[in-house]
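Coordinates as given in model-v2.pdb (PDB, C-alpha atoms):
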```
ATOM      1  CA  MET O   1      31.581  34.177 -26.781
ATOM      2  CA  ALA O   2      31.501  34.426 -22.983
ATOM      3  CA  GLN O   3      28.383  32.229 -22.939
ATOM      4  CA  ALA O   4      30.094  29.585 -25.057
ATOM      5  CA  ASP O   5      33.115  29.580 -22.739
ATOM      6  CA  SER O   6      30.876  29.287 -19.692
ATOM      7  CA  LYS O   7      28.996  26.409 -21.270
ATOM      8  CA  ASN O   8      32.236  24.573 -22.158
ATOM      9  CA  ASN O   9      33.586  25.004 -18.626
ATOM     10  CA  SER O  10      30.427  23.514 -17.138
ATOM     11  CA  ASN O  11      31.026  20.323 -19.137
ATOM     12  CA  HIS O  12      34.192  19.447 -17.219
ATOM     13  CA  ASN O  13      33.782  16.217 -15.292
ATOM     14  CA  HIS O  14      35.450  16.989 -11.981
ATOM     15  CA  LYS O  15      34.600  13.536 -10.646
ATOM     16  CA  HIS O  16      36.668  11.798 -13.327
ATOM     17  CA  HIS O  17      39.229   9.474 -11.755
ATOM     18  CA  LEU O  18      42.553   9.029 -13.515
ATOM     19  CA  LYS O  19      43.576   5.429 -14.077
ATOM     20  CA  TYR O  20      46.387   4.243 -11.856
ATOM     21  CA  LYS O  21      49.717   3.756 -13.634
ATOM     22  CA  ILE O  22      51.600   0.696 -12.422
ATOM     23  CA  CYS O  23      55.295   0.366 -13.256
ATOM     24  CA  ILE O  24      56.738  -3.114 -13.608
ATOM     25  CA  SER O  25      60.455  -3.192 -12.870
ATOM     26  CA  GLY O  26      62.441  -6.309 -13.635
ATOM     27  CA  ALA O  27      65.471  -7.819 -15.305
ATOM     28  CA  ALA O  28      65.938  -7.341 -19.039
ATOM     29  CA  ASP O  29      68.263 -10.362 -18.953
ATOM     30  CA  THR O  30      66.329 -13.126 -17.203
ATOM     31  CA  THR O  31      69.168 -15.671 -17.027
ATOM     32  CA  TYR O  32      69.188 -15.512 -13.222
ATOM     33  CA  CYS O  33      65.417 -15.336 -12.714
ATOM     34  CA  ALA O  34      63.240 -18.074 -11.260
ATOM     35  CA  LYS O  35      61.956 -20.586 -13.831
ATOM     36  CA  ASP O  36      58.397 -19.230 -13.659
ATOM     37  CA  ALA O  37      59.353 -15.510 -13.538
ATOM     38  CA  LEU O  38      58.390 -14.750 -17.161
ATOM     39  CA  GLN O  39      55.064 -16.531 -16.769
ATOM     40  CA  LYS O  40      54.362 -14.573 -13.578
ATOM     41  CA  ALA O  41      55.335 -11.313 -15.308
ATOM     42  CA  GLU O  42      52.846 -12.074 -18.075
ATOM     43  CA  THR O  43      50.176 -12.940 -15.483
ATOM     44  CA  MET O  44      50.858  -9.662 -13.684
ATOM     45  CA  GLY O  45      50.562  -7.653 -16.898
ATOM     46  CA  ARG O  46      47.265  -9.365 -17.665
ATOM     47  CA  ALA O  47      45.950  -8.670 -14.142
ATOM     48  CA  ILE O  48      46.899  -4.986 -14.450
ATOM     49  CA  ALA O  49      44.932  -4.736 -17.710
ATOM     50  CA  GLU O  50      41.950  -6.637 -16.308
ATOM     51  CA  HIS O  51      41.787  -4.171 -13.406
ATOM     52  CA  GLY O  52      41.575  -1.282 -15.900
ATOM     53  CA  LEU O  53      45.010   0.055 -14.945
ATOM     54  CA  ILE O  54      47.830   1.391 -17.142
ATOM     55  CA  LEU O  55      51.069  -0.590 -17.319
ATOM     56  CA  VAL O  56      54.279   1.441 -17.492
ATOM     57  CA  THR O  57      57.569  -0.267 -18.422
ATOM     58  CA  GLY O  58      61.148   0.578 -19.313
ATOM     59  CA  ALA O  59      60.371  -0.429 -22.927
ATOM     60  CA  THR O  60      62.888  -3.226 -22.719
ATOM     61  CA  THR O  61      63.295  -7.000 -22.987
ATOM     62  CA  GLY O  62      62.823  -9.678 -20.328
ATOM     63  CA  ILE O  63      60.396  -9.183 -17.434
ATOM     64  CA  PRO O  64      58.970  -5.803 -18.597
ATOM     65  CA  TYR O  65      58.465  -7.198 -22.116
ATOM     66  CA  TRP O  66      56.494 -10.219 -20.893
ATOM     67  CA  ALA O  67      54.409  -8.023 -18.598
ATOM     68  CA  ALA O  68      53.621  -5.786 -21.592
ATOM     69  CA  LYS O  69      52.678  -8.864 -23.625
ATOM     70  CA  GLY O  70      50.251 -10.016 -20.935
ATOM     71  CA  ALA O  71      48.673  -6.570 -20.637
ATOM     72  CA  LYS O  72      48.242  -6.059 -24.395
ATOM     73  CA  GLU O  73      46.789  -9.531 -24.955
ATOM     74  CA  ALA O  74      44.225  -8.707 -22.248
ATOM     75  CA  GLY O  75      43.299  -5.452 -24.024
ATOM     76  CA  GLY O  76      45.239  -3.137 -21.720
ATOM     77  CA  THR O  77      47.220   0.044 -22.316
ATOM     78  CA  VAL O  78      51.018  -0.038 -22.085
ATOM     79  CA  ILE O  79      53.351   2.973 -21.971
ATOM     80  CA  GLY O  80      57.113   2.507 -22.276
ATOM     81  CA  LEU O  81      59.882   4.911 -21.277
ATOM     82  CA  SER O  82      63.027   4.327 -23.312
ATOM     83  CA  PRO O  83      66.600   5.291 -22.424
ATOM     84  CA  ALA O  84      67.055   6.280 -26.080
ATOM     85  CA  SER O  85      66.422   9.690 -27.626
ATOM     86  CA  SER O  86      64.640   8.370 -30.741
ATOM     87  CA  LYS O  87      62.978   5.279 -32.163
ATOM     88  CA  ILE O  88      66.011   4.627 -34.368
ATOM     89  CA  GLN O  89      68.374   4.773 -31.394
ATOM     90  CA  HIS O  90      65.947   2.662 -29.320
ATOM     91  CA  VAL O  91      65.973  -0.118 -31.933
ATOM     92  CA  LYS O  92      69.459   0.112 -33.485
ATOM     93  CA  THR O  93      71.705   1.283 -30.629
ATOM     94  CA  TYR O  94      69.943  -0.103 -27.564
ATOM     95  CA  LYS O  95      68.429  -3.049 -29.483
ATOM     96  CA  LEU O  96      65.129  -2.751 -27.626
ATOM     97  CA  PRO O  97      61.677  -3.907 -28.794
ATOM     98  CA  THR O  98      58.713  -1.731 -29.728
ATOM     99  CA  ASP O  99      55.927  -4.338 -29.778
ATOM    100  CA  TYR O 100      53.270  -4.715 -27.048
ATOM    101  CA  HIS O 101      53.364  -0.973 -26.299
ATOM    102  CA  ASP O 102      50.838   1.710 -27.213
ATOM    103  CA  ILE O 103      53.219   4.602 -26.601
ATOM    104  CA  ILE O 104      56.986   4.742 -26.184
ATOM    105  CA  ILE O 105      58.455   7.948 -24.794
ATOM    106  CA  TYR O 106      62.070   8.456 -25.875
ATOM    107  CA  THR O 107      63.645  10.140 -22.844
ATOM    108  CA  GLY O 108      67.226  10.419 -24.126
ATOM    109  CA  PHE O 109      68.437  10.077 -20.514
ATOM    110  CA  GLU O 110      70.102   6.655 -20.807
ATOM    111  CA  TYR O 111      69.264   3.991 -18.231
ATOM    112  CA  SER O 112      69.749   5.846 -14.941
ATOM    113  CA  GLY O 113      67.782   8.919 -16.066
ATOM    114  CA  ARG O 114      65.095   6.732 -17.628
ATOM    115  CA  ASN O 115      64.762   4.818 -14.346
ATOM    116  CA  LEU O 116      64.006   8.013 -12.414
ATOM    117  CA  LEU O 117      61.348   9.138 -14.900
ATOM    118  CA  LEU O 118      59.878   5.641 -15.085
ATOM    119  CA  VAL O 119      59.274   5.413 -11.348
ATOM    120  CA  ARG O 120      58.176   9.014 -10.885
ATOM    121  CA  SER O 121      55.632   8.821 -13.712
ATOM    122  CA  SER O 122      53.918   5.863 -12.002
ATOM    123  CA  ASP O 123      51.550   5.686  -9.041
ATOM    124  CA  ALA O 124      53.132   2.474  -7.784
ATOM    125  CA  GLN O 125      55.627  -0.152  -8.871
ATOM    126  CA  ILE O 126      55.912  -3.920  -8.912
ATOM    127  CA  LEU O 127      59.263  -5.716  -8.836
ATOM    128  CA  ILE O 128      59.659  -9.102 -10.519
ATOM    129  CA  CYS O 129      63.144 -10.618 -10.602
ATOM    130  CA  GLY O 130      65.949  -8.152 -11.085
ATOM    131  CA  ARG O 131      69.539  -7.054 -11.292
ATOM    132  CA  ILE O 132      71.174  -3.712 -10.446
ATOM    133  CA  GLY O 133      68.783  -1.613 -12.583
ATOM    134  CA  THR O 134      65.754  -3.059 -10.786
ATOM    135  CA  LEU O 135      67.396  -2.341  -7.444
ATOM    136  CA  ASN O 136      68.009   1.235  -8.615
ATOM    137  CA  GLU O 137      64.335   1.611  -9.533
ATOM    138  CA  PHE O 138      63.353   0.165  -6.147
ATOM    139  CA  THR O 139      65.451   2.675  -4.192
ATOM    140  CA  ILE O 140      63.993   5.562  -6.214
ATOM    141  CA  GLY O 141      60.469   4.361  -5.413
ATOM    142  CA  PHE O 142      61.312   3.811  -1.753
ATOM    143  CA  GLU O 143      62.836   7.287  -1.362
ATOM    144  CA  ASP O 144      59.805   8.777  -3.137
ATOM    145  CA  LYS O 145      57.498   6.909  -0.697
ATOM    146  CA  LYS O 146      55.732   5.040  -3.505
ATOM    147  CA  PRO O 147      53.660   1.930  -2.845
ATOM    148  CA  ILE O 148      55.852  -0.971  -3.996
ATOM    149  CA  GLY O 149      54.914  -4.613  -4.565
ATOM    150  CA  VAL O 150      57.671  -7.242  -4.404
ATOM    151  CA  LEU O 151      57.044 -10.621  -6.037
ATOM    152  CA  ARG O 152      58.714 -13.076  -3.671
ATOM    153  CA  GLY O 153      60.634 -15.986  -5.173
ATOM    154  CA  SER O 154      61.013 -14.378  -8.616
ATOM    155  CA  GLY O 155      64.817 -14.291  -8.400
ATOM    156  CA  GLY O 156      67.802 -11.973  -8.516
ATOM    157  CA  THR O 157      68.031  -8.812  -6.439
ATOM    158  CA  VAL O 158      64.252  -8.755  -5.910
ATOM    159  CA  ASP O 159      64.613 -11.685  -3.499
ATOM    160  CA  MET O 160      67.115  -9.626  -1.487
ATOM    161  CA  ILE O 161      64.872  -6.608  -0.950
ATOM    162  CA  GLU O 162      63.213  -7.784   2.270
ATOM    163  CA  ASP O 163      66.631  -8.366   3.865
ATOM    164  CA  ILE O 164      67.990  -5.065   2.495
ATOM    165  CA  LEU O 165      65.100  -3.185   4.111
ATOM    166  CA  LYS O 166      65.694  -4.916   7.449
ATOM    167  CA  GLU O 167      69.419  -4.122   7.344
ATOM    168  CA  ALA O 168      68.879  -0.521   6.169
ATOM    169  CA  HIS O 169      66.987   0.427   9.378
ATOM    170  CA  ARG O 170      64.558   2.734   7.571
ATOM    171  CA  GLY O 171      61.456   0.616   8.039
ATOM    172  CA  MET O 172      59.523  -1.181   5.302
ATOM    173  CA  GLY O 173      58.049   1.983   3.776
ATOM    174  CA  LYS O 174      54.984   1.222   1.659
ATOM    175  CA  THR O 175      56.366  -2.116   0.485
ATOM    176  CA  VAL O 176      54.140  -5.190   0.261
ATOM    177  CA  PHE O 177      55.175  -8.768  -0.499
ATOM    178  CA  SER O 178      53.578 -11.857  -2.024
ATOM    179  CA  SER O 179      54.612 -14.806  -4.196
ATOM    180  CA  ASP O 180      51.271 -14.672  -6.062
ATOM    181  CA  PRO O 181      50.884 -12.011  -8.802
ATOM    182  CA  ASN O 182      47.134 -11.494  -8.305
ATOM    183  CA  GLU O 183      47.409 -11.250  -4.521
ATOM    184  CA  LEU O 184      50.343  -8.843  -4.847
ATOM    185  CA  LEU O 185      48.352  -6.550  -7.133
ATOM    186  CA  GLU O 186      45.422  -6.541  -4.680
ATOM    187  CA  LEU O 187      47.778  -5.648  -1.806
ATOM    188  CA  LEU O 188      49.314  -2.879  -3.901
ATOM    189  CA  LEU O 189      45.934  -1.412  -4.868
ATOM    190  CA  THR O 190      44.935  -1.386  -1.192
ATOM    191  CA  ALA O 191      48.175   0.513  -0.424
ATOM    192  CA  ILE O 192      47.472   3.069  -3.204
ATOM    193  CA  GLU O 193      43.898   3.626  -2.020
ATOM    194  CA  LYS O 194      45.047   3.987   1.606
ATOM    195  CA  GLU O 195      47.571   6.612   0.495
ATOM    196  CA  GLU O 196      44.929   8.558  -1.458
ATOM    197  CA  LYS O 197      42.521   8.586   1.504
ATOM    198  CA  ALA O 198      45.277   9.929   3.753
ATOM    199  CA  GLU O 199      45.908  12.957   1.497
TER
END
```
Now, as a test, write the supplied structure out as structure tokens.
Amino acid sequence: MAQADSKNNSNHNHKHHLKYKICISGAADTTYCAKDALQKAETMGRAIAEHGLILVTGATTGIPYWAAKGAKEAGGTVIGLSPASSKIQHVKTYKLPTDYHDIIIYTGFEYSGRNLLLVRSSDAQILICGRIGTLNEFTIGFEDKKPIGVLRGSGGTVDMIEDILKEAHRGMGKTVFSSDPNELLELLLTAIEKEEKAE
């Protein structure tokens, strides 16, 4: 028995690298987003999948939904964190979708609690258009010193973030900016890798 255990332990691959989990935060209601925000969200989801990364969303409509669509259509893996405590509540009470996700975790912590878990379960986050909830997710990520990518020109509160950071007098943290989804992802990956090397 001891030999079998020893043999099994020697099969562990200690060089295995976990896939990065990238959270996309954005408005569920895209009324106030830039005209091309949904298209850019879909492009970003596709780019995340093509890089072999995991997309994490709030399992909701709007920007996160279109990002999930892009990732799934490119063969990626998508994990959603729901504010609901069950699938029934997710669909019937919150009226949220279940398609384009591989796994949905029902947190039962409503939106504010879900937001905290969503950001903390990710290695980095990308912001595309937004309202108050997206701003909440941004401040969680900033306080947690996460690498954050901001898609310039996507609309809503996301376009205010650069000015908020300047006025807040806390520095820019690990925040990177671009108006191009592919460039933004590359900048974010560089920030993640820099952080890992520093540890």
Any chance you could resolve the PyMOL selection byres ((chain O and resi 23) around 9) against this file and give the residues as a PDB file with C-alpha atoms, in the frame of the given file?
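Full text of result.pdb as output:
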```
ATOM      1  CA  LYS O  21      49.717   3.756 -13.634  1.00  0.00           C
ATOM      2  CA  ILE O  22      51.600   0.696 -12.422  1.00  0.00           C
ATOM      3  CA  ILE O  24      56.738  -3.114 -13.608  1.00  0.00           C
ATOM      4  CA  SER O  25      60.455  -3.192 -12.870  1.00  0.00           C
ATOM      5  CA  ILE O  54      47.830   1.391 -17.142  1.00  0.00           C
ATOM      6  CA  LEU O  55      51.069  -0.590 -17.319  1.00  0.00           C
ATOM      7  CA  VAL O  56      54.279   1.441 -17.492  1.00  0.00           C
ATOM      8  CA  THR O  57      57.569  -0.267 -18.422  1.00  0.00           C
ATOM      9  CA  GLY O  58      61.148   0.578 -19.313  1.00  0.00           C
ATOM     10  CA  PRO O  64      58.970  -5.803 -18.597  1.00  0.00           C
ATOM     11  CA  LEU O 118      59.878   5.641 -15.085  1.00  0.00           C
ATOM     12  CA  VAL O 119      59.274   5.413 -11.348  1.00  0.00           C
ATOM     13  CA  SER O 121      55.632   8.821 -13.712  1.00  0.00           C
ATOM     14  CA  SER O 122      53.918   5.863 -12.002  1.00  0.00           C
ATOM     15  CA  ASP O 123      51.550   5.686  -9.041  1.00  0.00           C
ATOM     16  CA  ALA O 124      53.132   2.474  -7.784  1.00  0.00           C
ATOM     17  CA  GLN O 125      55.627  -0.152  -8.871  1.00  0.00           C
ATOM     18  CA  ILE O 126      55.912  -3.920  -8.912  1.00  0.00           C
ATOM     19  CA  LEU O 127      59.263  -5.716  -8.836  1.00  0.00           C
TER      20      LEU O 127
END
```
Taking all atoms of region 62-73 of chain O that the file lists and extending 4 Å past them on each side, where is the centre of the axis-aligned box and how long are its edges? Answer in Å to one decimal, as lines of an AutoDock Vina configuration file.
```
center_x = 54.8
center_y = -8.0
center_z = -21.2
size_x = 24.0
size_y = 12.4
size_z = 15.5
```
Worksheet item: Could you name the residues that touch Asp159 (chain O) at 12 Å or less, counting all atoms listed in the file, but leaving out those on the same chain fewer than 5 positions away, as a ChimeraX atom specification?
Response: /O:26,32-34,37,127-131,134-135,150-154,164-165,177-179
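Closest approach to Trp66 (chain O) among O:His90, O:Lys145, O:Lys40, O:His169 is made by O:Lys40 (distances from all atoms listed in the file).
With CA of Ala71 (chain O) on one side and CA of Asp144 (chain O) on the other, the separation reads 25.8 Å.
Distance-wise, CA of Glu73 (chain O) and CA of Lys146 (chain O) end up 27.4 Å apart.
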Spatial sel., origin (52.8, -16.4, -17.4), limit 12 Å, all atoms listed in the file, listed as an mmCIF file with C-alpha atoms, in the coordinates of the input:
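Here's the written file result31.cif:
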```
data_model
loop_
_atom_site.group_PDB
_atom_site.id
_atom_site.type_symbol
_atom_site.label_atom_id
_atom_site.label_comp_id
_atom_site.auth_asym_id
_atom_site.auth_seq_id
_atom_site.Cartn_x
_atom_site.Cartn_y
_atom_site.Cartn_z
ATOM 1 C CA LYS O 35 61.956 -20.586 -13.831
ATOM 2 C CA ASP O 36 58.397 -19.230 -13.659
ATOM 3 C CA ALA O 37 59.353 -15.510 -13.538
ATOM 4 C CA LEU O 38 58.390 -14.750 -17.161
ATOM 5 C CA GLN O 39 55.064 -16.531 -16.769
ATOM 6 C CA LYS O 40 54.362 -14.573 -13.578
ATOM 7 C CA ALA O 41 55.335 -11.313 -15.308
ATOM 8 C CA GLU O 42 52.846 -12.074 -18.075
ATOM 9 C CA THR O 43 50.176 -12.940 -15.483
ATOM 10 C CA MET O 44 50.858 -9.662 -13.684
ATOM 11 C CA GLY O 45 50.562 -7.653 -16.898
ATOM 12 C CA ARG O 46 47.265 -9.365 -17.665
ATOM 13 C CA ALA O 47 45.950 -8.670 -14.142
ATOM 14 C CA ILE O 63 60.396 -9.183 -17.434
ATOM 15 C CA TYR O 65 58.465 -7.198 -22.116
ATOM 16 C CA TRP O 66 56.494 -10.219 -20.893
ATOM 17 C CA ALA O 67 54.409 -8.023 -18.598
ATOM 18 C CA ALA O 68 53.621 -5.786 -21.592
ATOM 19 C CA LYS O 69 52.678 -8.864 -23.625
ATOM 20 C CA GLY O 70 50.251 -10.016 -20.935
ATOM 21 C CA ALA O 71 48.673 -6.570 -20.637
ATOM 22 C CA GLU O 73 46.789 -9.531 -24.955
ATOM 23 C CA ASP O 180 51.271 -14.672 -6.062
ATOM 24 C CA PRO O 181 50.884 -12.011 -8.802
ATOM 25 C CA ASN O 182 47.134 -11.494 -8.305
#
```
Fill in: Spatial neighbours of Ala59 (chain O), max dist 9 Å, only C-alpha atoms, sep filter under 2 positions, as an MDAnalysis selection string
chainID O and resid 56:57 61 64:65 68 79:83 96:98 101 104:105
Selection result of the PyMOL selection byres ((chain O and resi 190) around 12) on this file, as a compact mmCIF listing (two decimals) with C-alpha atoms, in the frame of the given file:
```
# COMPACT_ATOMS: atom_id res chain seq x y z
CA ALA O 124 53.13 2.47 -7.78
CA PRO O 147 53.66 1.93 -2.84
CA ILE O 148 55.85 -0.97 -4.00
CA GLY O 149 54.91 -4.61 -4.57
CA LYS O 174 54.98 1.22 1.66
CA THR O 175 56.37 -2.12 0.48
CA VAL O 176 54.14 -5.19 0.26
CA GLU O 183 47.41 -11.25 -4.52
CA LEU O 184 50.34 -8.84 -4.85
CA LEU O 185 48.35 -6.55 -7.13
CA GLU O 186 45.42 -6.54 -4.68
CA LEU O 187 47.78 -5.65 -1.81
CA LEU O 188 49.31 -2.88 -3.90
CA LEU O 189 45.93 -1.41 -4.87
CA ALA O 191 48.18 0.51 -0.42
CA ILE O 192 47.47 3.07 -3.20
CA GLU O 193 43.90 3.63 -2.02
CA LYS O 194 45.05 3.99 1.61
CA GLU O 195 47.57 6.61 0.50
CA GLU O 196 44.93 8.56 -1.46
CA LYS O 197 42.52 8.59 1.50
```
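Residue nearest Thr107 (chain O) within the list O:Ala28, O:Ile48, O:Ala84, O:Val78: O:Ala84 [criterion: smallest interatomic distance, all atoms listed in the file].
Across O:Tyr111, O:Thr60, O:Gly76, O:Lys92, the tightest approach to Lys19 (chain O) is made by O:Gly76 when counting only C-alpha atoms.
Interatomic distance, CA of Arg120 (chain O) to CA of Gly108 (chain O): 16.1 Å.
Each of O:Asn115, O:Thr77, O:Ser85, O:Asn136 was compared to Ala49 (chain O) using only C-alpha atoms, and O:Thr77 turns out to be the nearest.
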Atoms are missing here; could region 145-159 of chain O be completed with N, CA and C atoms and written as a PDB file, in the coordinates of the input?
```
ATOM      1  N   LYS O 145      58.642   7.384  -1.500  1.00  0.00           N
ATOM      2  CA  LYS O 145      57.498   6.909  -0.697  1.00  0.00           C
ATOM      3  C   LYS O 145      56.363   6.359  -1.557  1.00  0.00           C
ATOM      4  N   LYS O 146      56.727   5.662  -2.623  1.00  0.00           N
ATOM      5  CA  LYS O 146      55.732   5.040  -3.505  1.00  0.00           C
ATOM      6  C   LYS O 146      55.289   3.704  -2.921  1.00  0.00           C
ATOM      7  N   PRO O 147      54.039   3.306  -3.156  1.00  0.00           N
ATOM      8  CA  PRO O 147      53.660   1.930  -2.845  1.00  0.00           C
ATOM      9  C   PRO O 147      54.420   0.994  -3.784  1.00  0.00           C
ATOM     10  N   ILE O 148      55.027  -0.044  -3.219  1.00  0.00           N
ATOM     11  CA  ILE O 148      55.852  -0.971  -3.996  1.00  0.00           C
ATOM     12  C   ILE O 148      55.432  -2.403  -3.683  1.00  0.00           C
ATOM     13  N   GLY O 149      55.223  -3.194  -4.724  1.00  0.00           N
ATOM     14  CA  GLY O 149      54.914  -4.613  -4.565  1.00  0.00           C
ATOM     15  C   GLY O 149      56.113  -5.445  -4.986  1.00  0.00           C
ATOM     16  N   VAL O 150      56.520  -6.376  -4.132  1.00  0.00           N
ATOM     17  CA  VAL O 150      57.671  -7.242  -4.404  1.00  0.00           C
ATOM     18  C   VAL O 150      57.176  -8.677  -4.589  1.00  0.00           C
ATOM     19  N   LEU O 151      57.450  -9.243  -5.759  1.00  0.00           N
ATOM     20  CA  LEU O 151      57.044 -10.621  -6.037  1.00  0.00           C
ATOM     21  C   LEU O 151      58.105 -11.577  -5.481  1.00  0.00           C
ATOM     22  N   ARG O 152      57.789 -12.150  -4.336  1.00  0.00           N
ATOM     23  CA  ARG O 152      58.714 -13.076  -3.671  1.00  0.00           C
ATOM     24  C   ARG O 152      59.004 -14.294  -4.550  1.00  0.00           C
ATOM     25  N   GLY O 153      60.256 -14.763  -4.484  1.00  0.00           N
ATOM     26  CA  GLY O 153      60.634 -15.986  -5.173  1.00  0.00           C
ATOM     27  C   GLY O 153      60.830 -15.836  -6.668  1.00  0.00           C
ATOM     28  N   SER O 154      60.865 -14.583  -7.166  1.00  0.00           N
ATOM     29  CA  SER O 154      61.013 -14.378  -8.616  1.00  0.00           C
ATOM     30  C   SER O 154      62.473 -14.331  -9.054  1.00  0.00           C
ATOM     31  N   GLY O 155      63.400 -14.189  -8.093  1.00  0.00           N
ATOM     32  CA  GLY O 155      64.817 -14.291  -8.400  1.00  0.00           C
ATOM     33  C   GLY O 155      65.590 -12.991  -8.400  1.00  0.00           C
ATOM     34  N   GLY O 156      66.910 -13.134  -8.438  1.00  0.00           N
ATOM     35  CA  GLY O 156      67.802 -11.973  -8.516  1.00  0.00           C
ATOM     36  C   GLY O 156      67.733 -11.065  -7.305  1.00  0.00           C
ATOM     37  N   THR O 157      67.986  -9.787  -7.540  1.00  0.00           N
ATOM     38  CA  THR O 157      68.031  -8.812  -6.439  1.00  0.00           C
ATOM     39  C   THR O 157      66.669  -8.604  -5.785  1.00  0.00           C
ATOM     40  N   VAL O 158      65.594  -8.935  -6.486  1.00  0.00           N
ATOM     41  CA  VAL O 158      64.252  -8.755  -5.910  1.00  0.00           C
ATOM     42  C   VAL O 158      64.091  -9.626  -4.661  1.00  0.00           C
ATOM     43  N   ASP O 159      64.702 -10.807  -4.670  1.00  0.00           N
ATOM     44  CA  ASP O 159      64.613 -11.685  -3.499  1.00  0.00           C
ATOM     45  C   ASP O 159      65.482 -11.219  -2.343  1.00  0.00           C
TER      46      ASP O 159
END
```
